[in-house]
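Text of the file work.cif, holding mmCIF, C-alpha atoms:
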data_model
#
loop_
_atom_site.label_atom_id
_atom_site.label_comp_id
_atom_site.auth_asym_id
_atom_site.auth_seq_id
_atom_site.Cartn_x
_atom_site.Cartn_y
_atom_site.Cartn_z
CA MET A 1 -72.61 -5.22 -32.70
CA THR A 2 -72.43 -8.51 -34.53
CA VAL A 3 -69.25 -8.84 -36.48
CA PRO A 4 -69.62 -10.96 -39.61
CA ALA A 5 -67.45 -14.05 -39.70
CA THR A 6 -64.50 -13.69 -42.03
CA GLY A 7 -64.07 -17.33 -42.97
CA ILE A 8 -63.86 -16.56 -46.66
CA VAL A 9 -60.97 -14.21 -46.01
CA HIS A 10 -59.14 -16.92 -44.10
CA GLN A 11 -59.64 -19.25 -47.05
CA LEU A 12 -58.32 -16.65 -49.45
CA GLU A 13 -55.30 -16.02 -47.22
CA ARG A 14 -54.51 -19.72 -47.34
CA ALA A 15 -54.97 -19.79 -51.10
CA VAL A 16 -52.59 -16.87 -51.59
CA GLU A 17 -50.03 -18.51 -49.31
CA VAL A 18 -50.14 -21.58 -51.54
CA VAL A 19 -49.63 -19.43 -54.64
CA ASP A 20 -46.75 -17.67 -52.93
CA THR A 21 -44.88 -20.80 -51.94
CA LEU A 22 -45.60 -22.98 -54.94
CA PHE A 23 -43.37 -21.46 -57.55
CA GLY A 24 -41.01 -19.38 -55.51
CA TYR A 25 -42.41 -15.90 -55.99
CA SER A 26 -41.07 -13.41 -53.47
CA GLY A 27 -44.60 -12.55 -52.41
CA ALA A 28 -48.23 -12.54 -53.42
CA GLY A 29 -51.36 -10.59 -52.66
CA LEU A 30 -55.01 -10.24 -53.42
CA MET A 31 -56.90 -7.01 -53.97
CA PHE A 32 -60.66 -6.70 -54.11
CA ALA A 33 -63.01 -3.97 -55.21
CA GLY A 34 -64.92 -2.39 -52.34
CA ASP A 35 -68.43 -0.96 -52.28
CA HIS A 36 -67.49 1.91 -54.59
CA LYS A 37 -65.43 -0.24 -56.99
CA GLU A 38 -62.24 1.12 -55.49
CA LEU A 39 -59.50 -1.50 -55.33
CA ARG A 40 -58.24 -2.28 -51.84
CA TYR A 41 -55.89 -4.95 -50.64
CA LEU A 42 -57.31 -7.92 -48.81
CA VAL A 43 -54.40 -10.33 -48.48
CA ALA A 44 -50.65 -9.79 -48.70
CA THR A 45 -48.08 -12.38 -47.75
CA ASP A 46 -45.54 -9.95 -46.36
CA ASP A 47 -44.56 -6.36 -45.66
CA ALA A 48 -43.18 -5.78 -49.15
CA GLY A 49 -46.41 -7.02 -50.69
CA ARG A 50 -48.41 -4.68 -48.50
CA SER A 51 -46.22 -1.78 -49.65
CA LEU A 52 -46.94 -2.67 -53.27
CA GLU A 53 -50.65 -2.57 -52.74
CA GLY A 54 -50.62 0.33 -50.29
CA ALA A 55 -48.52 2.50 -52.62
CA GLN A 56 -50.96 1.97 -55.47
CA LEU A 57 -53.89 2.86 -53.28
CA ARG A 58 -52.19 6.11 -52.28
CA VAL A 59 -51.32 7.23 -55.81
CA GLY A 60 -54.37 5.66 -57.44
CA ARG A 61 -52.30 4.01 -60.14
CA GLY A 62 -50.09 1.01 -60.62
CA PRO A 63 -49.86 -2.44 -62.17
CA CYS A 64 -52.56 -4.05 -60.00
CA ILE A 65 -55.00 -1.19 -60.54
CA SER A 66 -54.29 -1.36 -64.28
CA THR A 67 -54.94 -5.09 -64.16
CA PHE A 68 -58.35 -4.49 -62.61
CA GLU A 69 -59.28 -1.62 -64.89
CA SER A 70 -58.22 -3.39 -68.08
CA ASP A 71 -59.49 -6.81 -66.93
CA ALA A 72 -56.27 -8.27 -68.32
CA ALA A 73 -52.85 -9.37 -67.13
CA VAL A 74 -50.39 -6.53 -66.52
CA THR A 75 -46.70 -7.11 -65.90
CA THR A 76 -43.62 -5.04 -65.30
CA CYS A 77 -40.10 -6.41 -65.14
CA ASP A 78 -39.08 -3.62 -62.74
CA VAL A 79 -41.81 -1.47 -61.29
CA ARG A 80 -39.25 0.86 -59.68
CA ASN A 81 -38.05 1.91 -63.11
CA ASP A 82 -41.26 1.65 -65.08
CA PRO A 83 -42.17 4.93 -66.81
CA ARG A 84 -45.88 4.09 -66.53
CA TRP A 85 -45.84 4.64 -62.76
CA PRO A 86 -42.89 6.92 -61.85
CA GLU A 87 -44.54 8.02 -58.59
CA LEU A 88 -44.56 4.47 -57.19
CA ALA A 89 -40.82 3.93 -56.76
CA ASP A 90 -40.41 6.05 -53.63
CA ARG A 91 -43.36 4.43 -51.94
CA LEU A 92 -42.37 0.82 -52.50
CA HIS A 93 -40.48 -1.57 -50.29
CA PRO A 94 -37.04 -2.07 -51.89
CA ASP A 95 -37.76 -5.78 -52.37
CA VAL A 96 -40.58 -5.11 -54.80
CA ARG A 97 -39.19 -5.15 -58.34
CA ALA A 98 -40.91 -7.36 -60.90
CA VAL A 99 -44.70 -7.36 -60.59
CA ALA A 100 -47.42 -9.35 -62.34
CA GLY A 101 -51.16 -9.16 -61.83
CA VAL A 102 -54.13 -10.98 -63.29
CA PRO A 103 -57.82 -10.26 -62.76
CA VAL A 104 -59.90 -12.37 -60.39
CA ARG A 105 -63.31 -12.72 -61.96
CA LEU A 106 -66.69 -13.79 -60.73
CA GLY A 107 -69.37 -14.56 -63.28
CA GLY A 108 -67.16 -13.13 -65.98
CA GLU A 109 -66.73 -9.75 -64.29
CA PRO A 110 -63.50 -8.63 -62.59
CA VAL A 111 -63.90 -8.38 -58.81
CA GLY A 112 -60.25 -8.11 -57.84
CA THR A 113 -56.69 -8.95 -58.76
CA LEU A 114 -54.15 -11.61 -57.87
CA ASN A 115 -50.69 -10.09 -57.73
CA VAL A 116 -47.21 -11.54 -57.35
CA TYR A 117 -43.84 -9.90 -57.16
CA GLN A 118 -40.17 -10.79 -57.36
CA SER A 119 -37.41 -9.06 -55.43
CA ALA A 120 -35.20 -8.68 -58.52
CA PRO A 121 -36.04 -7.51 -62.05
CA TYR A 122 -37.59 -10.38 -63.99
CA GLU A 123 -39.04 -10.84 -67.45
CA TRP A 124 -42.38 -12.58 -66.98
CA ASP A 125 -43.12 -15.12 -69.67
CA GLU A 126 -46.32 -16.63 -70.97
CA SER A 127 -46.08 -19.66 -68.69
CA ASP A 128 -45.96 -17.37 -65.63
CA ILE A 129 -49.10 -15.61 -66.77
CA GLN A 130 -50.90 -18.84 -67.61
CA ALA A 131 -50.12 -20.20 -64.14
CA LEU A 132 -51.37 -16.99 -62.53
CA TYR A 133 -54.60 -17.14 -64.50
CA ALA A 134 -55.01 -20.73 -63.34
CA TYR A 135 -54.63 -19.65 -59.70
CA ALA A 136 -57.02 -16.77 -60.21
CA ASN A 137 -59.46 -19.30 -61.60
CA VAL A 138 -59.09 -21.44 -58.48
CA ILE A 139 -59.77 -18.36 -56.36
CA GLU A 140 -62.88 -17.73 -58.45
CA GLN A 141 -64.03 -21.27 -57.69
CA ILE A 142 -63.45 -20.73 -53.96
CA LEU A 143 -65.62 -17.61 -54.17
CA THR A 144 -68.21 -19.42 -56.28
CA ALA A 145 -68.34 -22.28 -53.81
CA ALA A 146 -68.70 -19.81 -50.96
CA ILE A 147 -71.55 -18.07 -52.72
CA ALA A 148 -73.21 -21.41 -53.36
CA ALA A 149 -72.95 -22.20 -49.67
CA GLU A 150 -73.87 -18.81 -48.24
CA GLU A 151 -76.06 -15.90 -48.97
CA LYS A 152 -74.23 -13.65 -51.42
CA SER A 153 -74.90 -10.65 -49.23
CA ALA A 154 -73.31 -12.35 -46.22
CA LEU A 155 -70.23 -13.09 -48.29
CA ALA A 156 -70.03 -9.49 -49.45
CA ASP A 157 -70.27 -8.42 -45.82
CA GLN A 158 -67.36 -10.66 -44.92
CA LEU A 159 -65.20 -9.21 -47.67
CA GLN A 160 -66.20 -5.63 -46.86
CA TYR A 161 -65.51 -6.25 -43.17
CA ALA A 162 -62.02 -7.50 -44.01
CA LEU A 163 -61.34 -4.54 -46.28
CA ASP A 164 -62.49 -2.08 -43.61
CA TYR A 165 -60.59 -3.71 -40.77
CA ARG A 166 -57.30 -3.74 -42.61
CA VAL A 167 -56.81 -0.21 -41.30
CA VAL A 168 -57.13 -1.44 -37.70
CA ILE A 169 -54.74 -4.30 -38.41
CA GLU A 170 -52.21 -1.95 -40.00
CA ARG A 171 -52.33 0.34 -36.99
CA ALA A 172 -51.86 -2.61 -34.62
CA ILE A 173 -48.87 -3.77 -36.66
CA GLY A 174 -47.35 -0.31 -36.38
CA TYR A 175 -47.93 -0.29 -32.64
CA LEU A 176 -46.34 -3.74 -32.17
CA MET A 177 -43.36 -2.78 -34.34
CA GLY A 178 -42.65 0.20 -32.13
CA LYS A 179 -43.27 -1.56 -28.85
CA HIS A 180 -41.31 -4.76 -29.53
CA ASP A 181 -38.83 -3.54 -32.14
CA LEU A 182 -40.25 -5.87 -34.79
CA THR A 183 -40.39 -5.68 -38.55
CA ALA A 184 -43.85 -5.32 -40.04
CA ALA A 185 -43.71 -8.92 -41.24
CA GLN A 186 -42.81 -10.19 -37.76
CA ALA A 187 -45.55 -8.12 -36.17
CA PHE A 188 -48.17 -9.32 -38.63
CA THR A 189 -47.11 -12.97 -38.38
CA GLY A 190 -47.19 -12.79 -34.58
CA LEU A 191 -50.59 -11.14 -34.58
CA ARG A 192 -52.03 -13.69 -36.97
CA LYS A 193 -50.55 -16.64 -35.07
CA GLN A 194 -51.93 -15.37 -31.77
CA ALA A 195 -55.34 -14.89 -33.39
CA ARG A 196 -55.34 -18.40 -34.80
CA ASP A 197 -54.07 -19.93 -31.55
CA SER A 198 -56.84 -18.22 -29.62
CA ARG A 199 -59.42 -18.86 -32.40
CA ARG A 200 -60.21 -15.20 -32.78
CA LYS A 201 -60.36 -12.84 -35.70
CA VAL A 202 -57.16 -10.94 -36.50
CA ALA A 203 -59.11 -7.68 -36.64
CA ASP A 204 -60.62 -8.25 -33.18
CA LEU A 205 -57.22 -9.00 -31.71
CA ALA A 206 -55.75 -5.96 -33.47
CA ALA A 207 -58.46 -3.75 -31.98
CA GLU A 208 -57.71 -5.17 -28.54
CA VAL A 209 -53.97 -4.55 -28.97
CA LEU A 210 -54.69 -0.95 -29.91
CA GLY A 211 -57.03 -0.63 -26.92
CA GLU A 212 -54.31 -1.88 -24.59
CA GLY A 213 -51.85 0.51 -26.19
CA ALA A 214 -54.18 3.43 -25.61
CA GLY A 215 -54.59 2.31 -21.98
CA GLU A 216 -50.83 2.34 -21.48
CA LEU A 217 -50.63 5.90 -22.76
CA ARG A 218 -53.31 7.20 -20.41
CA MET B 1 -74.15 -29.82 -49.31
CA THR B 2 -75.17 -27.42 -52.02
CA HIS B 3 -77.12 -28.35 -55.11
CA GLY B 4 -75.54 -31.22 -57.04
CA VAL B 5 -75.29 -29.44 -60.38
CA GLU B 6 -73.51 -26.48 -58.82
CA PHE B 7 -71.21 -28.84 -56.93
CA THR B 8 -70.27 -30.70 -60.10
CA HIS B 9 -69.63 -27.52 -62.07
CA VAL B 10 -67.46 -25.97 -59.38
CA VAL B 11 -65.50 -29.19 -58.86
CA ASP B 12 -64.87 -29.67 -62.58
CA ARG B 13 -63.84 -26.05 -63.09
CA THR B 14 -61.52 -26.28 -60.09
CA LEU B 15 -59.97 -29.47 -61.46
CA ASN B 16 -59.38 -27.69 -64.76
CA ALA B 17 -57.70 -24.77 -63.02
CA LEU B 18 -55.55 -27.04 -60.84
CA ALA B 19 -54.40 -29.03 -63.87
CA ASP B 20 -53.48 -25.78 -65.60
CA ALA B 21 -51.62 -24.60 -62.52
CA LEU B 22 -49.54 -27.77 -62.40
CA GLY B 23 -49.07 -27.90 -66.15
CA ALA B 24 -50.74 -31.32 -66.35
CA ASP B 25 -53.11 -32.51 -69.06
CA GLY B 26 -55.89 -33.04 -66.55
CA ALA B 27 -57.01 -33.63 -62.99
CA ALA B 28 -59.66 -35.84 -61.43
CA LEU B 29 -61.16 -36.36 -58.01
CA MET B 30 -62.03 -39.34 -55.85
CA LEU B 31 -63.79 -38.78 -52.52
CA ILE B 32 -64.60 -41.20 -49.72
CA ASP B 33 -68.35 -41.48 -49.25
CA ASP B 34 -70.38 -41.89 -46.05
CA HIS B 35 -69.76 -45.64 -46.16
CA ASP B 36 -65.99 -45.22 -46.44
CA ARG B 37 -66.01 -46.19 -50.11
CA PRO B 38 -63.87 -44.25 -52.60
CA ARG B 39 -66.19 -42.75 -55.21
CA ALA B 40 -65.41 -41.10 -58.54
CA VAL B 41 -66.53 -37.48 -58.27
CA GLY B 42 -65.30 -35.58 -61.28
CA GLY B 43 -62.64 -34.80 -63.81
CA SER B 44 -61.40 -31.90 -65.86
CA ASP B 45 -62.28 -33.86 -69.00
CA ALA B 46 -63.67 -37.21 -70.13
CA ASP B 47 -60.31 -38.95 -69.68
CA GLY B 48 -60.22 -37.85 -66.07
CA ARG B 49 -63.72 -39.05 -65.39
CA TRP B 50 -62.89 -42.40 -67.00
CA LEU B 51 -59.75 -42.68 -64.87
CA GLU B 52 -61.79 -42.29 -61.69
CA LEU B 53 -64.62 -44.59 -62.82
CA ALA B 54 -62.16 -47.27 -63.91
CA GLN B 55 -60.51 -47.17 -60.50
CA GLU B 56 -63.84 -47.24 -58.69
CA GLN B 57 -64.95 -50.26 -60.73
CA ALA B 58 -61.62 -52.07 -60.32
CA GLY B 59 -61.35 -51.23 -56.65
CA ALA B 60 -57.72 -50.43 -57.33
CA GLY B 61 -55.51 -47.77 -58.87
CA PRO B 62 -53.23 -44.92 -57.88
CA ALA B 63 -56.02 -43.05 -56.10
CA PHE B 64 -56.84 -46.14 -54.02
CA GLU B 65 -53.16 -46.56 -53.17
CA SER B 66 -52.90 -42.91 -52.25
CA LEU B 67 -55.96 -43.19 -49.99
CA SER B 68 -54.96 -46.40 -48.27
CA ARG B 69 -51.34 -45.42 -47.73
CA ASP B 70 -52.03 -41.73 -47.15
CA THR B 71 -49.13 -40.70 -49.34
CA ASP B 72 -48.36 -39.46 -52.86
CA ILE B 73 -48.38 -42.15 -55.51
CA VAL B 74 -46.47 -41.53 -58.71
CA ILE B 75 -47.17 -43.70 -61.73
CA ASP B 76 -44.95 -43.04 -64.71
CA ASP B 77 -46.98 -45.29 -66.99
CA LEU B 78 -50.40 -46.61 -66.01
CA ARG B 79 -50.06 -49.37 -68.63
CA ALA B 80 -46.94 -50.85 -67.04
CA ALA B 81 -47.25 -54.19 -65.26
CA ARG B 82 -47.89 -54.21 -61.53
CA PRO B 83 -46.51 -52.91 -59.26
CA SER B 84 -45.27 -50.03 -61.46
CA GLY B 85 -48.61 -49.53 -63.21
CA PHE B 86 -52.26 -50.50 -63.16
CA PRO B 87 -52.89 -52.21 -66.51
CA GLY B 88 -56.47 -53.12 -65.56
CA VAL B 89 -57.31 -49.46 -65.00
CA ALA B 90 -55.35 -48.42 -68.08
CA GLU B 91 -57.49 -50.69 -70.26
CA LYS B 92 -60.51 -48.50 -69.50
CA ALA B 93 -58.79 -45.15 -69.03
CA THR B 94 -57.09 -45.34 -72.40
CA GLY B 95 -56.26 -41.65 -72.64
CA VAL B 96 -54.22 -41.56 -69.45
CA ARG B 97 -50.59 -42.64 -69.03
CA ALA B 98 -48.74 -40.80 -66.23
CA VAL B 99 -50.61 -40.29 -62.95
CA LEU B 100 -49.82 -38.44 -59.75
CA SER B 101 -52.24 -39.19 -56.90
CA VAL B 102 -52.19 -36.96 -53.85
CA PRO B 103 -54.27 -37.62 -50.72
CA LEU B 104 -56.67 -34.89 -49.61
CA HIS B 105 -56.82 -34.05 -45.94
CA ALA B 106 -59.48 -32.24 -43.94
CA ASP B 107 -59.79 -32.17 -40.18
CA ASP B 108 -56.68 -34.38 -39.96
CA ARG B 109 -58.20 -37.24 -41.89
CA VAL B 110 -58.01 -38.42 -45.47
CA ILE B 111 -61.17 -37.47 -47.36
CA GLY B 112 -60.16 -38.36 -50.88
CA SER B 113 -57.51 -38.24 -53.55
CA LEU B 114 -56.62 -35.76 -56.26
CA ASP B 115 -55.24 -37.29 -59.46
CA PHE B 116 -53.17 -35.30 -61.93
CA TYR B 117 -52.48 -37.01 -65.23
CA ASP B 118 -50.73 -36.66 -68.54
CA ARG B 119 -51.47 -38.40 -71.81
CA VAL B 120 -47.87 -39.47 -72.31
CA SER B 121 -45.82 -41.58 -69.94
CA HIS B 122 -43.04 -39.80 -68.08
CA GLU B 123 -41.21 -39.62 -64.82
CA TRP B 124 -42.71 -37.22 -62.27
CA GLN B 125 -40.18 -34.69 -61.00
CA PRO B 126 -40.04 -34.14 -57.21
CA ALA B 127 -40.83 -30.42 -57.63
CA LYS B 128 -44.00 -31.29 -59.49
CA VAL B 129 -45.02 -33.78 -56.82
CA ARG B 130 -44.52 -31.12 -54.15
CA ALA B 131 -46.56 -28.66 -56.18
CA GLY B 132 -49.32 -31.24 -56.58
CA ARG B 133 -49.42 -31.63 -52.83
CA ARG B 134 -49.90 -27.88 -52.31
CA LEU B 135 -52.52 -27.70 -55.04
CA ALA B 136 -54.42 -30.44 -53.23
CA GLU B 137 -54.84 -27.93 -50.38
CA LEU B 138 -56.68 -25.62 -52.78
CA MET B 139 -58.98 -28.47 -53.79
CA VAL B 140 -59.81 -29.06 -50.14
CA MET B 141 -60.59 -25.35 -49.69
CA VAL B 142 -63.12 -25.51 -52.48
CA LEU B 143 -64.66 -28.70 -51.10
CA GLU B 144 -64.88 -27.16 -47.64
CA ALA B 145 -66.59 -24.13 -49.07
CA LEU B 146 -69.03 -26.31 -50.97
CA ALA B 147 -69.74 -28.39 -47.93
CA HIS B 148 -70.11 -25.17 -45.90
CA LYS B 149 -68.08 -26.69 -43.14
CA SER B 150 -67.57 -24.99 -39.84
CA THR B 151 -63.98 -24.18 -40.77
CA PHE B 152 -65.26 -22.13 -43.66
CA SER B 153 -67.43 -19.85 -41.57
CA GLY B 154 -64.95 -19.88 -38.73
CA GLN B 155 -62.17 -17.62 -37.62
CA SER B 156 -59.99 -15.32 -39.67
#
Show me this structure written as structure tokens.
Amino acid sequence: MTVPATGIVHQLERAVEVVDTLFGYSGAGLMFAGDHKELRYLVATDDAGRSLEGAQLRVGRGPCISTFESDAAVTTCDVRNDPRWPELADRLHPDVRAVAGVPVRLGGEPVGTLNVYQSAPYEWDESDIQALYAYANVIEQILTAAIAAEEKSALADQLQYALDYRVVIERAIGYLMGKHDLTAAQAFTGLRKQARDSRRKVADLAAEVLGEGAGELR
Amino acid sequence: MTHGVEFTHVVDRTLNALADALGADGAALMLIDDHDRPRAVGGSDADGRWLELAQEQAGAGPAFESLSRDTDIVIDDLRAARPSGFPGVAEKATGVRAVLSVPLHADDRVIGSLDFYDRVSHEWQPAKVRAGRRLAELMVMVLEALAHKSTFSGQS
């Protein structure tokens, strides 16, 4: 089986890392719509960010999903106490408090969301939202440039591949956490570093880690 | 490289977005061509394009300094006398006063310079210079994607 290259995902990971570090947000993430327009997370800078996006996927509601559905910025100063999504609080990492999301568009249509969070309640102001829209616009240009350089279908394959293989990566993270007594963030960072050092895809390495784990259990 | 029109549109839209992200009035791009000459490539508006063209014609300016020294160049007022400013460039780029030039790196070499600018003179704060440096990484990502470099279709 030929696995599509996931270069675009690597680029988007780097872009989200820049967003995360630039203005001191606690974390950032990127969600994209899959084949059936369901929103799934593609990039998250840390464990807390993954919990934000994972929790929304489980309950089917939340600020990032609302951002995508309304094609507009959605903010909450404390998602754990927001009456719009009472079922989220128990599923979130304790560090996720204030959340803001803006749509990522392509050709004028929303294709995903750029999300940031703060670990303490925070009133987002207009300048925060303007900056987020600017970053989402940069991400749109990265996607546009990628489309200009590649067949659109190949790009879609790359994104779909990444969305699908997140499950494998999550399972590998869980396995490494248990085996080496790591936090999820440490496990993910280690996995990604090893993949980069060996010039391999994170998903391929994750699958191999899970294969080795299964071998140990036999 | 992809079609020129598409390239120009994507570059200009990216420059607009990067200027917005930094909170600057505009952004402009200078890239080193195949003959190692700095060339004006684009700007978020006419002032930005003039800034780059004026530098290219003068063979001097903050972008040139940034490229040759491979470091950030902060100019509080382009109209100030040398070495604080570049009055020759300012004569042509009349709408630009404060300039921050950041070198762009790809494959461990300098490929160009990203200029942020404001229409009023002011001192550039260190936090803004650091932010400009990180935003330059986003510009390189877009350029890599446009150039369809091997890094773009490489590993995740």
Inset, instruction - With a distance cut-off of 6 Å and only C-alpha atoms, select the neighbouring residues of Ala90 (chain B), excluding the residue or stretch itself and same-chain residues fewer than 4 positions from it, and output the selection as a PyMOL selection string. - result: chain B and resi 78-79+94
Write a file of the just-selected residues containing C-alpha atoms, as a PDB file, in the frame of the given file.
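Written out: again.pdb:
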ATOM      1  CA  LEU B  78     -50.400 -46.610 -66.010  1.00  0.00           C
ATOM      2  CA  ARG B  79     -50.060 -49.370 -68.630  1.00  0.00           C
ATOM      3  CA  THR B  94     -57.090 -45.340 -72.400  1.00  0.00           C
TER       4      THR B  94
END
Inset, instruction - Identify all residues satisfying the PyMOL selection byres ((chain A and resi 98-102) around 8) in the given file; provide them as a PyMOL selection string. - result: chain A and resi 63-64+67-68+71-79+96-97+103-104+113-124+129+132-133+136
Inset, instruction - Specify as a ChimeraX atom specification each residue included when the PyMOL selection byres ((chain A and resi 22) around 9) is applied to this file. - result: /A:17-21,23-25 /B:130-131,134-135
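Among the candidates B:Asp12, B:Glu52, B:Asp115, B:Asp108, the residue lying nearest to chain A is B:Asp12 (atoms considered: only C-alpha atoms).
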Inset, instruction - Please identify all polymer residues within 12 Å of Glu91 (chain B), counting all atoms listed in the file, omitting same-chain residues fewer than 4 positions from it, and present them as a ChimeraX atom specification. - result: /B:50-51,53-55,58,61,78-81,85-87,95-97
Please identify all polymer residues within 12 Å of Leu88 (chain A), counting all atoms listed in the file, omitting same-chain residues fewer than 2 positions from it, and present them as a PDB file with C-alpha atoms, in the coordinates of the input.
ATOM      1  CA  SER A  51     -46.220  -1.780 -49.650  1.00  0.00           C
ATOM      2  CA  LEU A  52     -46.940  -2.670 -53.270  1.00  0.00           C
ATOM      3  CA  GLU A  53     -50.650  -2.570 -52.740  1.00  0.00           C
ATOM      4  CA  GLY A  54     -50.620   0.330 -50.290  1.00  0.00           C
ATOM      5  CA  ALA A  55     -48.520   2.500 -52.620  1.00  0.00           C
ATOM      6  CA  GLN A  56     -50.960   1.970 -55.470  1.00  0.00           C
ATOM      7  CA  LEU A  57     -53.890   2.860 -53.280  1.00  0.00           C
ATOM      8  CA  ARG A  58     -52.190   6.110 -52.280  1.00  0.00           C
ATOM      9  CA  VAL A  59     -51.320   7.230 -55.810  1.00  0.00           C
ATOM     10  CA  GLY A  60     -54.370   5.660 -57.440  1.00  0.00           C
ATOM     11  CA  ARG A  61     -52.300   4.010 -60.140  1.00  0.00           C
ATOM     12  CA  GLY A  62     -50.090   1.010 -60.620  1.00  0.00           C
ATOM     13  CA  PRO A  63     -49.860  -2.440 -62.170  1.00  0.00           C
ATOM     14  CA  ASP A  78     -39.080  -3.620 -62.740  1.00  0.00           C
ATOM     15  CA  VAL A  79     -41.810  -1.470 -61.290  1.00  0.00           C
ATOM     16  CA  ARG A  80     -39.250   0.860 -59.680  1.00  0.00           C
ATOM     17  CA  ASN A  81     -38.050   1.910 -63.110  1.00  0.00           C
ATOM     18  CA  ASP A  82     -41.260   1.650 -65.080  1.00  0.00           C
ATOM     19  CA  PRO A  83     -42.170   4.930 -66.810  1.00  0.00           C
ATOM     20  CA  ARG A  84     -45.880   4.090 -66.530  1.00  0.00           C
ATOM     21  CA  TRP A  85     -45.840   4.640 -62.760  1.00  0.00           C
ATOM     22  CA  PRO A  86     -42.890   6.920 -61.850  1.00  0.00           C
ATOM     23  CA  ASP A  90     -40.410   6.050 -53.630  1.00  0.00           C
ATOM     24  CA  ARG A  91     -43.360   4.430 -51.940  1.00  0.00           C
ATOM     25  CA  LEU A  92     -42.370   0.820 -52.500  1.00  0.00           C
ATOM     26  CA  HIS A  93     -40.480  -1.570 -50.290  1.00  0.00           C
ATOM     27  CA  PRO A  94     -37.040  -2.070 -51.890  1.00  0.00           C
ATOM     28  CA  VAL A  96     -40.580  -5.110 -54.800  1.00  0.00           C
ATOM     29  CA  ARG A  97     -39.190  -5.150 -58.340  1.00  0.00           C
TER      30      ARG A  97
END
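Between CA of Leu191 (chain A) and CA of Asp95 (chain A) lies a distance of 22.6 Å.
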Inset, instruction - At a cut-off of 6 Å, list the chain A residues touching chain B, using all atoms listed in the file, as a list of chain:residue names. - result: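 Per the criterion, chain A yields A:Thr6, A:Gly7, A:His10, A:Leu22, A:Ala131, A:Ala134, A:Asn137, A:Val138, A:Ile142, A:Ala145, A:Ala146, A:Ala149, A:Arg200, A:Lys201.
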Inset, instruction - Report the distance between CA of Tyr175 (chain A) and CA of Gly29 (chain A) in Å, rounded to one decimal place. - result: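 Going from CA of Tyr175 (chain A) over to CA of Gly29 (chain A), I get 22.8 Å.
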Add whatever atoms are absent from region 81-85 of chain B to reach all heavy atoms, and provide the output as a CSV table (one decimal), in the coordinates of the input.
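And here is the file that came out, part.csv:
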chain,number,residue,atom,x,y,z
B,81,ALA,N,-46.8,-53.1,-66.1
B,81,ALA,CA,-47.2,-54.2,-65.3
B,81,ALA,C,-47.2,-53.8,-63.8
B,81,ALA,O,-46.4,-52.9,-63.4
B,81,ALA,CB,-46.4,-55.4,-65.6
B,82,ARG,N,-48.0,-54.4,-63.0
B,82,ARG,CA,-47.9,-54.2,-61.5
B,82,ARG,C,-46.5,-54.6,-61.0
B,82,ARG,O,-45.9,-55.6,-61.6
B,82,ARG,CB,-49.0,-55.0,-60.8
B,82,ARG,CG,-50.4,-54.6,-61.1
B,82,ARG,CD,-50.7,-53.3,-60.4
B,82,ARG,NE,-50.6,-53.3,-59.0
B,82,ARG,CZ,-50.1,-52.4,-58.2
B,82,ARG,NH1,-49.6,-51.3,-58.8
B,82,ARG,NH2,-50.1,-52.5,-56.9
B,83,PRO,N,-45.9,-54.0,-60.1
B,83,PRO,CA,-46.5,-52.9,-59.3
B,83,PRO,C,-46.3,-51.5,-59.8
B,83,PRO,O,-46.7,-50.5,-59.2
B,83,PRO,CB,-45.8,-53.1,-57.9
B,83,PRO,CG,-44.4,-53.5,-58.3
B,83,PRO,CD,-44.6,-54.4,-59.5
B,84,SER,N,-45.6,-51.4,-61.0
B,84,SER,CA,-45.3,-50.0,-61.5
B,84,SER,C,-46.5,-49.3,-62.0
B,84,SER,O,-46.6,-48.1,-61.9
B,84,SER,CB,-44.2,-50.1,-62.6
B,84,SER,OG,-43.1,-50.7,-62.1
B,85,GLY,N,-47.4,-50.1,-62.6
B,85,GLY,CA,-48.6,-49.5,-63.2
B,85,GLY,C,-49.9,-50.2,-62.8
B,85,GLY,O,-49.9,-51.1,-61.9
